[in-house]
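Enquirer: Below is the file upload13.cif, which contains mmCIF, C-alpha atoms and all ligand atoms.
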```
data_my_file
#
loop_
_atom_site.label_atom_id
_atom_site.label_comp_id
_atom_site.auth_asym_id
_atom_site.auth_seq_id
_atom_site.Cartn_x
_atom_site.Cartn_y
_atom_site.Cartn_z
CA MET W 1 -6.60 3.11 18.90
CA SER W 2 -3.39 3.94 17.06
CA CYS W 3 -3.50 3.37 13.30
CA ARG W 4 -0.86 1.41 11.41
CA VAL W 5 1.02 3.10 8.57
CA LYS W 6 2.31 1.82 5.25
CA ILE W 7 4.69 4.10 3.35
CA CYS W 8 4.50 3.13 -0.32
CA GLY W 9 6.81 3.82 -3.25
CA ILE W 10 10.13 3.27 -1.48
CA THR W 11 13.04 3.38 -3.94
CA ASN W 12 16.13 3.70 -1.73
CA LEU W 13 17.58 2.48 1.57
CA GLU W 14 17.79 5.94 3.18
CA ASP W 15 14.06 6.58 2.76
CA ALA W 16 13.27 3.05 3.94
CA LEU W 17 15.27 3.33 7.16
CA ALA W 18 14.04 6.85 7.91
CA ALA W 19 10.41 5.70 7.58
CA CYS W 20 11.15 2.79 9.94
CA ASP W 21 12.74 5.16 12.47
CA TYR W 22 9.62 7.33 12.42
CA GLY W 23 7.42 4.30 13.13
CA ALA W 24 6.24 2.94 9.77
CA ASP W 25 4.67 -0.50 10.12
CA ALA W 26 5.01 -1.48 6.46
CA LEU W 27 6.92 -0.29 3.40
CA GLY W 28 5.65 -0.68 -0.15
CA PHE W 29 7.87 -1.38 -3.16
CA VAL W 30 6.33 -0.85 -6.59
CA PHE W 31 7.15 -3.49 -9.22
CA TYR W 32 4.94 -1.95 -11.90
CA PRO W 33 7.38 -0.99 -14.66
CA LYS W 34 5.34 2.03 -15.83
CA SER W 35 5.40 3.66 -12.38
CA PRO W 36 7.83 6.51 -11.65
CA ARG W 37 8.30 4.68 -8.31
CA TYR W 38 9.35 1.40 -9.93
CA ILE W 39 12.23 -0.30 -8.15
CA ASP W 40 14.49 -2.98 -9.53
CA PRO W 41 13.81 -6.30 -7.73
CA VAL W 42 17.48 -6.86 -6.83
CA LYS W 43 17.75 -3.42 -5.24
CA ALA W 44 14.44 -3.90 -3.40
CA ASN W 45 15.59 -7.22 -1.97
CA GLU W 46 18.86 -5.63 -0.81
CA ILE W 47 16.82 -3.00 1.07
CA VAL W 48 14.44 -5.56 2.56
CA ALA W 49 17.38 -7.57 3.90
CA GLN W 50 18.35 -4.49 5.97
CA LEU W 51 14.94 -3.64 7.43
CA PRO W 52 14.20 -3.94 11.16
CA PRO W 53 12.52 -7.29 11.90
CA PHE W 54 9.03 -6.00 12.72
CA VAL W 55 8.57 -3.88 9.60
CA VAL W 56 6.56 -5.60 6.83
CA PRO W 57 7.86 -5.29 3.26
CA VAL W 58 5.05 -5.22 0.70
CA ALA W 59 5.68 -6.10 -2.95
CA LEU W 60 3.19 -4.29 -5.18
CA PHE W 61 2.23 -5.67 -8.59
CA VAL W 62 -0.29 -4.66 -11.24
CA ASP W 63 -1.55 -7.64 -13.28
CA ALA W 64 1.98 -9.05 -13.33
CA GLN W 65 3.19 -12.37 -14.72
CA ALA W 66 3.55 -15.14 -12.13
CA GLU W 67 7.27 -15.53 -12.85
CA ASP W 68 7.88 -11.82 -12.20
CA ILE W 69 6.12 -12.05 -8.85
CA GLU W 70 8.00 -15.23 -7.92
CA SER W 71 11.33 -13.69 -8.87
CA VAL W 72 10.80 -10.93 -6.29
CA VAL W 73 9.20 -12.77 -3.38
CA ALA W 74 11.31 -15.94 -3.59
CA ASN W 75 14.27 -13.96 -2.26
CA ASN W 76 12.85 -13.19 1.16
CA ALA W 77 10.25 -14.96 3.31
CA ARG W 78 9.10 -11.64 4.73
CA TRP W 79 7.41 -10.31 1.58
CA LEU W 80 3.68 -9.74 1.68
CA ILE W 81 2.12 -9.17 -1.75
CA GLN W 82 -0.16 -6.30 -2.79
CA PHE W 83 -2.21 -6.93 -5.93
CA HIS W 84 -3.10 -3.53 -7.35
CA GLY W 85 -4.62 -4.54 -10.68
CA ASN W 86 -7.59 -6.61 -11.82
CA GLU W 87 -6.35 -9.90 -10.35
CA SER W 88 -9.03 -12.42 -9.36
CA GLU W 89 -8.78 -14.24 -6.03
CA ALA W 90 -7.54 -17.34 -7.87
CA GLU W 91 -4.66 -15.28 -9.31
CA CYS W 92 -3.67 -14.02 -5.85
CA LEU W 93 -3.41 -17.47 -4.26
CA PRO W 94 -0.57 -19.44 -5.91
CA TYR W 95 2.25 -17.65 -4.08
CA ASN W 96 1.31 -18.94 -0.61
CA ARG W 97 1.90 -15.51 0.86
CA PRO W 98 -0.38 -13.24 2.82
CA TYR W 99 -1.73 -10.65 0.41
CA ILE W 100 -3.52 -7.31 0.23
CA LYS W 101 -6.02 -6.73 -2.56
CA ALA W 102 -6.37 -3.15 -3.73
CA LEU W 103 -9.79 -1.97 -4.88
CA ARG W 104 -10.13 1.34 -6.71
CA VAL W 105 -13.20 3.13 -5.47
CA LYS W 106 -15.71 5.10 -7.50
CA GLU W 107 -19.33 6.15 -7.14
CA GLY W 108 -21.77 3.32 -7.80
CA ASP W 109 -19.38 0.46 -6.96
CA ASP W 110 -20.57 -2.37 -4.73
CA LEU W 111 -17.54 -2.40 -2.44
CA LEU W 112 -19.00 -5.01 -0.14
CA LEU W 113 -19.43 -7.45 -3.03
CA ALA W 114 -15.96 -6.63 -4.35
CA ALA W 115 -14.34 -7.22 -0.95
CA GLN W 116 -16.29 -10.45 -0.48
CA SER W 117 -14.63 -11.75 -3.66
CA TYR W 118 -11.28 -11.96 -1.80
CA PRO W 119 -12.01 -13.98 1.37
CA SER W 120 -8.39 -15.18 1.49
CA ALA W 121 -6.91 -11.65 1.55
CA SER W 122 -5.30 -10.33 4.74
CA ALA W 123 -6.68 -6.85 4.06
CA ILE W 124 -8.41 -4.74 1.44
CA LEU W 125 -6.69 -1.53 0.34
CA LEU W 126 -9.09 1.16 -0.86
CA ASP W 127 -7.60 3.63 -3.33
CA ALA W 128 -9.08 6.31 -5.58
CA TYR W 129 -10.28 5.28 -9.03
CA LYS W 130 -8.82 7.23 -11.94
CA ALA W 131 -9.33 5.96 -15.48
CA GLY W 132 -6.13 4.60 -16.99
CA VAL W 133 -4.04 5.02 -13.80
CA PRO W 134 -3.80 1.93 -11.58
CA GLY W 135 -2.57 3.73 -8.44
CA GLY W 136 -0.42 6.41 -6.87
CA THR W 137 -2.82 9.04 -8.23
CA GLY W 138 -2.61 11.45 -5.30
CA GLU W 139 -6.40 11.71 -5.39
CA VAL W 140 -8.78 11.36 -2.46
CA PHE W 141 -12.00 9.41 -2.96
CA ASN W 142 -15.27 9.95 -1.13
CA TRP W 143 -14.74 8.08 2.16
CA SER W 144 -18.47 7.94 2.81
CA LEU W 145 -18.66 5.31 0.01
CA ILE W 146 -16.94 2.80 2.35
CA PRO W 147 -19.55 0.39 3.76
CA GLU W 148 -19.65 -0.09 7.54
CA ALA W 149 -19.33 -3.84 7.51
CA LEU W 150 -16.45 -4.78 5.21
CA PRO W 151 -15.40 -8.36 5.95
CA LEU W 152 -11.64 -7.58 6.05
CA PRO W 153 -9.31 -5.03 7.64
CA VAL W 154 -9.32 -1.83 5.58
CA ILE W 155 -6.18 0.00 4.47
CA LEU W 156 -7.14 3.51 3.42
CA ALA W 157 -5.14 5.04 0.54
CA GLY W 158 -5.51 7.77 -2.05
CA GLY W 159 -4.37 11.35 -1.67
CA LEU W 160 -3.51 11.12 2.01
CA THR W 161 -1.14 13.78 3.33
CA PRO W 162 0.23 14.96 6.68
CA ASP W 163 -2.64 17.49 6.67
CA ASN W 164 -5.58 15.14 6.14
CA VAL W 165 -4.44 11.85 7.67
CA ALA W 166 -5.68 12.51 11.22
CA ARG W 167 -9.12 13.42 9.84
CA ALA W 168 -9.09 10.27 7.69
CA VAL W 169 -8.27 8.07 10.68
CA GLU W 170 -10.97 9.72 12.76
CA GLN W 171 -13.65 9.48 10.04
CA VAL W 172 -12.89 6.04 8.56
CA ALA W 173 -11.18 4.26 11.49
CA PRO W 174 -9.15 2.07 9.09
CA TYR W 175 -6.86 -0.74 10.15
CA ALA W 176 -4.03 1.13 8.42
CA VAL W 177 -3.35 4.09 6.15
CA ASP W 178 -1.17 4.02 3.04
CA VAL W 179 0.58 6.98 1.43
CA SER W 180 2.89 7.60 -1.46
CA GLY W 181 2.70 11.03 -3.17
CA GLY W 182 1.67 12.93 -0.05
CA VAL W 183 5.05 12.37 1.59
CA GLU W 184 7.29 12.82 -1.46
CA ALA W 185 9.87 15.49 -2.28
CA SER W 186 9.62 14.41 -5.93
CA LYS W 187 8.25 11.27 -7.62
CA GLY W 188 10.01 8.29 -6.01
CA LEU W 189 11.87 10.27 -3.35
CA LYS W 190 10.45 10.77 0.11
CA ASN W 191 10.50 13.98 2.13
CA ASN W 192 11.49 12.75 5.58
CA ALA W 193 9.85 15.65 7.43
CA LYS W 194 6.55 14.84 5.70
CA VAL W 195 6.95 11.12 6.44
CA LYS W 196 7.51 11.89 10.13
CA GLN W 197 4.55 14.29 10.25
CA PHE W 198 2.31 11.80 8.43
CA ILE W 199 3.12 8.95 10.79
CA SER W 200 2.59 11.03 13.92
CA GLY W 201 -0.72 12.33 12.50
CA ALA W 202 -1.90 8.78 11.78
CA LYS W 203 -0.83 7.44 15.17
CA ARG W 204 -2.09 10.38 17.20
CA GLU W 205 -4.61 9.24 19.79
CA GLN W 206 -8.04 10.41 18.60
O1 LIG I 1 2.66 4.49 -6.70
C1 LIG I 1 2.53 4.16 -7.88
O2 LIG I 1 3.15 4.70 -8.80
C2 LIG I 1 1.59 3.06 -8.24
C3 LIG I 1 1.50 2.67 -9.56
C4 LIG I 1 0.64 1.66 -9.92
C5 LIG I 1 -0.12 1.03 -8.98
C6 LIG I 1 -0.05 1.41 -7.65
C7 LIG I 1 0.81 2.43 -7.28
N1 LIG I 1 0.86 2.85 -5.97
C8 LIG I 1 0.00 2.23 -5.05
C9 LIG I 1 -0.01 2.64 -3.67
O3 LIG I 1 -0.07 1.82 -2.78
C10 LIG I 1 -0.15 4.05 -3.33
O4 LIG I 1 0.38 4.24 -2.07
C11 LIG I 1 -1.61 4.40 -3.31
O5 LIG I 1 -2.08 4.28 -4.63
C12 LIG I 1 -1.81 5.81 -2.82
O6 LIG I 1 -1.03 6.71 -3.58
P1 LIG I 1 -1.10 8.26 -3.24
O7 LIG I 1 -2.45 8.73 -3.62
O8 LIG I 1 -0.02 8.87 -4.08
O9 LIG I 1 -0.81 8.39 -1.78
#
```
Do you think you could lay out the structure here as structure tokens?
Ligand SMILES: O=C(O)c1ccccc1NCC(=O)[C@H](O)[C@H](O)COP(=O)(O)O
Expert:
Amino acid sequence: MSCRVKICGITNLEDALAACDYGADALGFVFYPKSPRYIDPVKANEIVAQLPPFVVPVALFVDAQAEDIESVVANNARWLIQFHGNESEAECLPYNRPYIKALRVKEGDDLLLAAQSYPSASAILLDAYKAGVPGGTGEVFNWSLIPEALPLPVILAGGLTPDNVARAVEQVAPYAVDVSGGVEASKGLKNNAKVKQFISGAKREQ
């Protein structure tokens, strides 16, 4: 089965539309001010207004204030929210939007228990744990730590590239894959050839 693809860290319209042309299913916009991929909410909403109708825009926050989240998602009914910090389920619910909860994976974690703490999530995104860095680390985690029976669709992230994505899809069989650094020319700017190669690798029939 073909895997869905989310291209994260979009900061400009050209990269957004190119990713859509190559077959991206979702685009991630980072509203974490300390990220080199941070995008201004007004600019992000201008881009989202120009996306093809079947591409899902994902607004990514890290332990953000409710008013900051509202100020982004109130502008377009299409936004799905990705919580990439230490938000509890109760903190993910007030926006009445479908949401993805990111979990940062490290040895010894009980991922099943962690995923079970978010029964209202649409999907769980699994990313590499790195102390002091909430995401976009470019690091791969040990995929064999993922339990067989997670209760939600899994989005695999962390250090994916055009070179390893087909192997990741084959080994993990995730609902979707998510990439940021592995398809960049420089922080915040995508390399379109890498984006195209990544998407065809992810969607290649196994
Ligand atoms: O991309 C960031 O700078 C970022 C900062 C803080 C929290 C999350 C962030 N990105 C989250 C993503 O969804 C990335 O795509 C995911 O962490 C994988 O990144 P990469 O390993 O670079 O592919």
Enquirer: Neighbouring residues of Pro53 of chain W were defined as those with any atom within 12 Å, considering all atoms listed in the file; residues of the same chain fewer than 5 positions away were excluded. Please report them as a PyMOL selection string.
Expert: chain W and resi 17+20+25-26+48+77-79
Enquirer: Store the residues of this selection in a file with C-alpha atoms, as a tab-separated table (two decimals), in the coordinates of the input.
Expert:
```tsv
chain	number	residue	atom	x	y	z
W	17	LEU	CA	15.27	3.33	7.16
W	20	CYS	CA	11.15	2.79	9.94
W	25	ASP	CA	4.67	-0.50	10.12
W	26	ALA	CA	5.01	-1.48	6.46
W	48	VAL	CA	14.44	-5.56	2.56
W	77	ALA	CA	10.25	-14.96	3.31
W	78	ARG	CA	9.10	-11.64	4.73
W	79	TRP	CA	7.41	-10.31	1.58
```
Enquirer: Please identify all polymer residues within 7 Å of Leu80 of chain W, counting only C-alpha atoms, omitting same-chain residues fewer than 5 positions from it, and present them as a PyMOL selection string.
Expert: chain W and resi 57-59+97-99
Enquirer: Using all atoms listed in the file, which of the listed residues (W:Val169, W:Val73, W:Ala114, W:Ala24) sits closest to Val42 of chain W?
Expert: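 Among W:Val169, W:Val73, W:Ala114, W:Ala24, it is W:Val73 that comes nearest to Val42 of chain W.
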Enquirer: Select the residues contacting ligand LIG 1 (chain I) at a distance of at most 6 Å, based on all atoms listed in the file, then format the selection as number ranges by chain.
Expert: W: 8-9, 32, 35-37, 84, 127, 134-139, 157-160, 178-182
Enquirer: Using only C-alpha atoms, pick whichever of W:Val177, W:Leu51, W:Cys3, W:Ala90 has the shortest atom-to-atom distance to Asp21 of chain W.
Expert: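 Closest candidate: W:Leu51.
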Enquirer: Which distance in Å separates atom CA of Val195 of chain W and atom CA of Ser144 of chain W, to one decimal?
Expert: 25.9 Å
Enquirer: What does the distance between atom CA of Ser117 of chain W and atom CA of Glu89 of chain W come to in Å, to one decimal place?
Expert: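 Answer for the atom CA of Ser117 of chain W to atom CA of Glu89 of chain W separation: 6.8 Å.
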Enquirer: Ranking W:Leu103, W:Ala18, W:Leu152, W:Ala74 by minimum distance to Leu125 of chain W and counting all atoms listed in the file, which one comes first?
Expert: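 The answer is W:Leu103, which sits nearest to Leu125 of chain W.
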Enquirer: Quick one: of W:Ile155, W:Val30, W:Ile100, W:Ala19, who's nearest to Pro52 of chain W, counting all atoms listed in the file?
Expert: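 Closest to Pro52 of chain W, using all atoms listed in the file: W:Ala19.
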Enquirer: Which centre and edge lengths in Å to one decimal define the box along x, y and z that fits every listed atom of segment 183-187 of chain W plus 5 Å per side, as JSON?
Expert:
```
{"center_x": 7.5, "center_y": 13.4, "center_z": -3.0, "size_x": 14.8, "size_y": 14.2, "size_z": 19.2}
```
Enquirer: By how many Å are atom CA of Gly201 of chain W and atom CA of Ala176 of chain W apart?
Expert: 12.4 Å
Enquirer: Residues around (-6.6, 3.0, 14.8), cut-off 9 Å, counting all atoms listed in the file - what are they as number ranges by chain?
Expert: W: 1-4, 169-170, 173-176, 202-206
Enquirer: Can you pull out the residues contacting segment 39-41 of chain W? Cut-off 10 Å, using all atoms listed in the file, and skip same-chain residues under 5 positions away; I want them as number ranges by chain.
Expert: W: 9-12, 29-33, 46-47, 59, 68-69, 71-73, 75, 188
Enquirer: Might you pull out every residue within 9 Å of Asn192 of chain W, with all atoms listed in the file counted and same-chain residues fewer than 5 positions away left off, and present them as an mmCIF file with C-alpha atoms, in the frame of the given file?
Expert:
```cif
data_model
loop_
_atom_site.group_PDB
_atom_site.id
_atom_site.type_symbol
_atom_site.label_atom_id
_atom_site.label_comp_id
_atom_site.auth_asym_id
_atom_site.auth_seq_id
_atom_site.Cartn_x
_atom_site.Cartn_y
_atom_site.Cartn_z
ATOM 1 C CA ASP W 15 14.060 6.580 2.760
ATOM 2 C CA ALA W 18 14.040 6.850 7.910
ATOM 3 C CA ALA W 19 10.410 5.700 7.580
ATOM 4 C CA TYR W 22 9.620 7.330 12.420
ATOM 5 C CA VAL W 183 5.050 12.370 1.590
ATOM 6 C CA GLU W 184 7.290 12.820 -1.460
ATOM 7 C CA ALA W 185 9.870 15.490 -2.280
ATOM 8 C CA GLN W 197 4.550 14.290 10.250
#
```
Enquirer: Extract, using all atoms listed in the file, all DNA, RNA and protein residues at most 10 Å from Pro119 of chain W, discarding same-chain residues fewer than 3 positions from it, and format them as a list in words.
Expert: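 Non-adjacent residues within range: Glu89, Ala115, Gln116, Ser122, Ala123, Ile124, Pro151 and Leu152 of chain W.
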Enquirer: In terms of the shortest atom-to-atom distance over only C-alpha atoms, which of W:Asn191, W:Asn142, W:Ser120, W:Gln65 is closest to Gln171 of chain W?
Expert: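 Between W:Asn191, W:Asn142, W:Ser120, W:Gln65, the residue approaching Gln171 of chain W most closely is W:Asn142.
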Enquirer: Taking into account only C-alpha atoms, which residue in the set W:Val165, W:Val133, W:Ile146, W:Val140 is nearest to Asp109 of chain W?
Expert: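 Closest candidate: W:Ile146.
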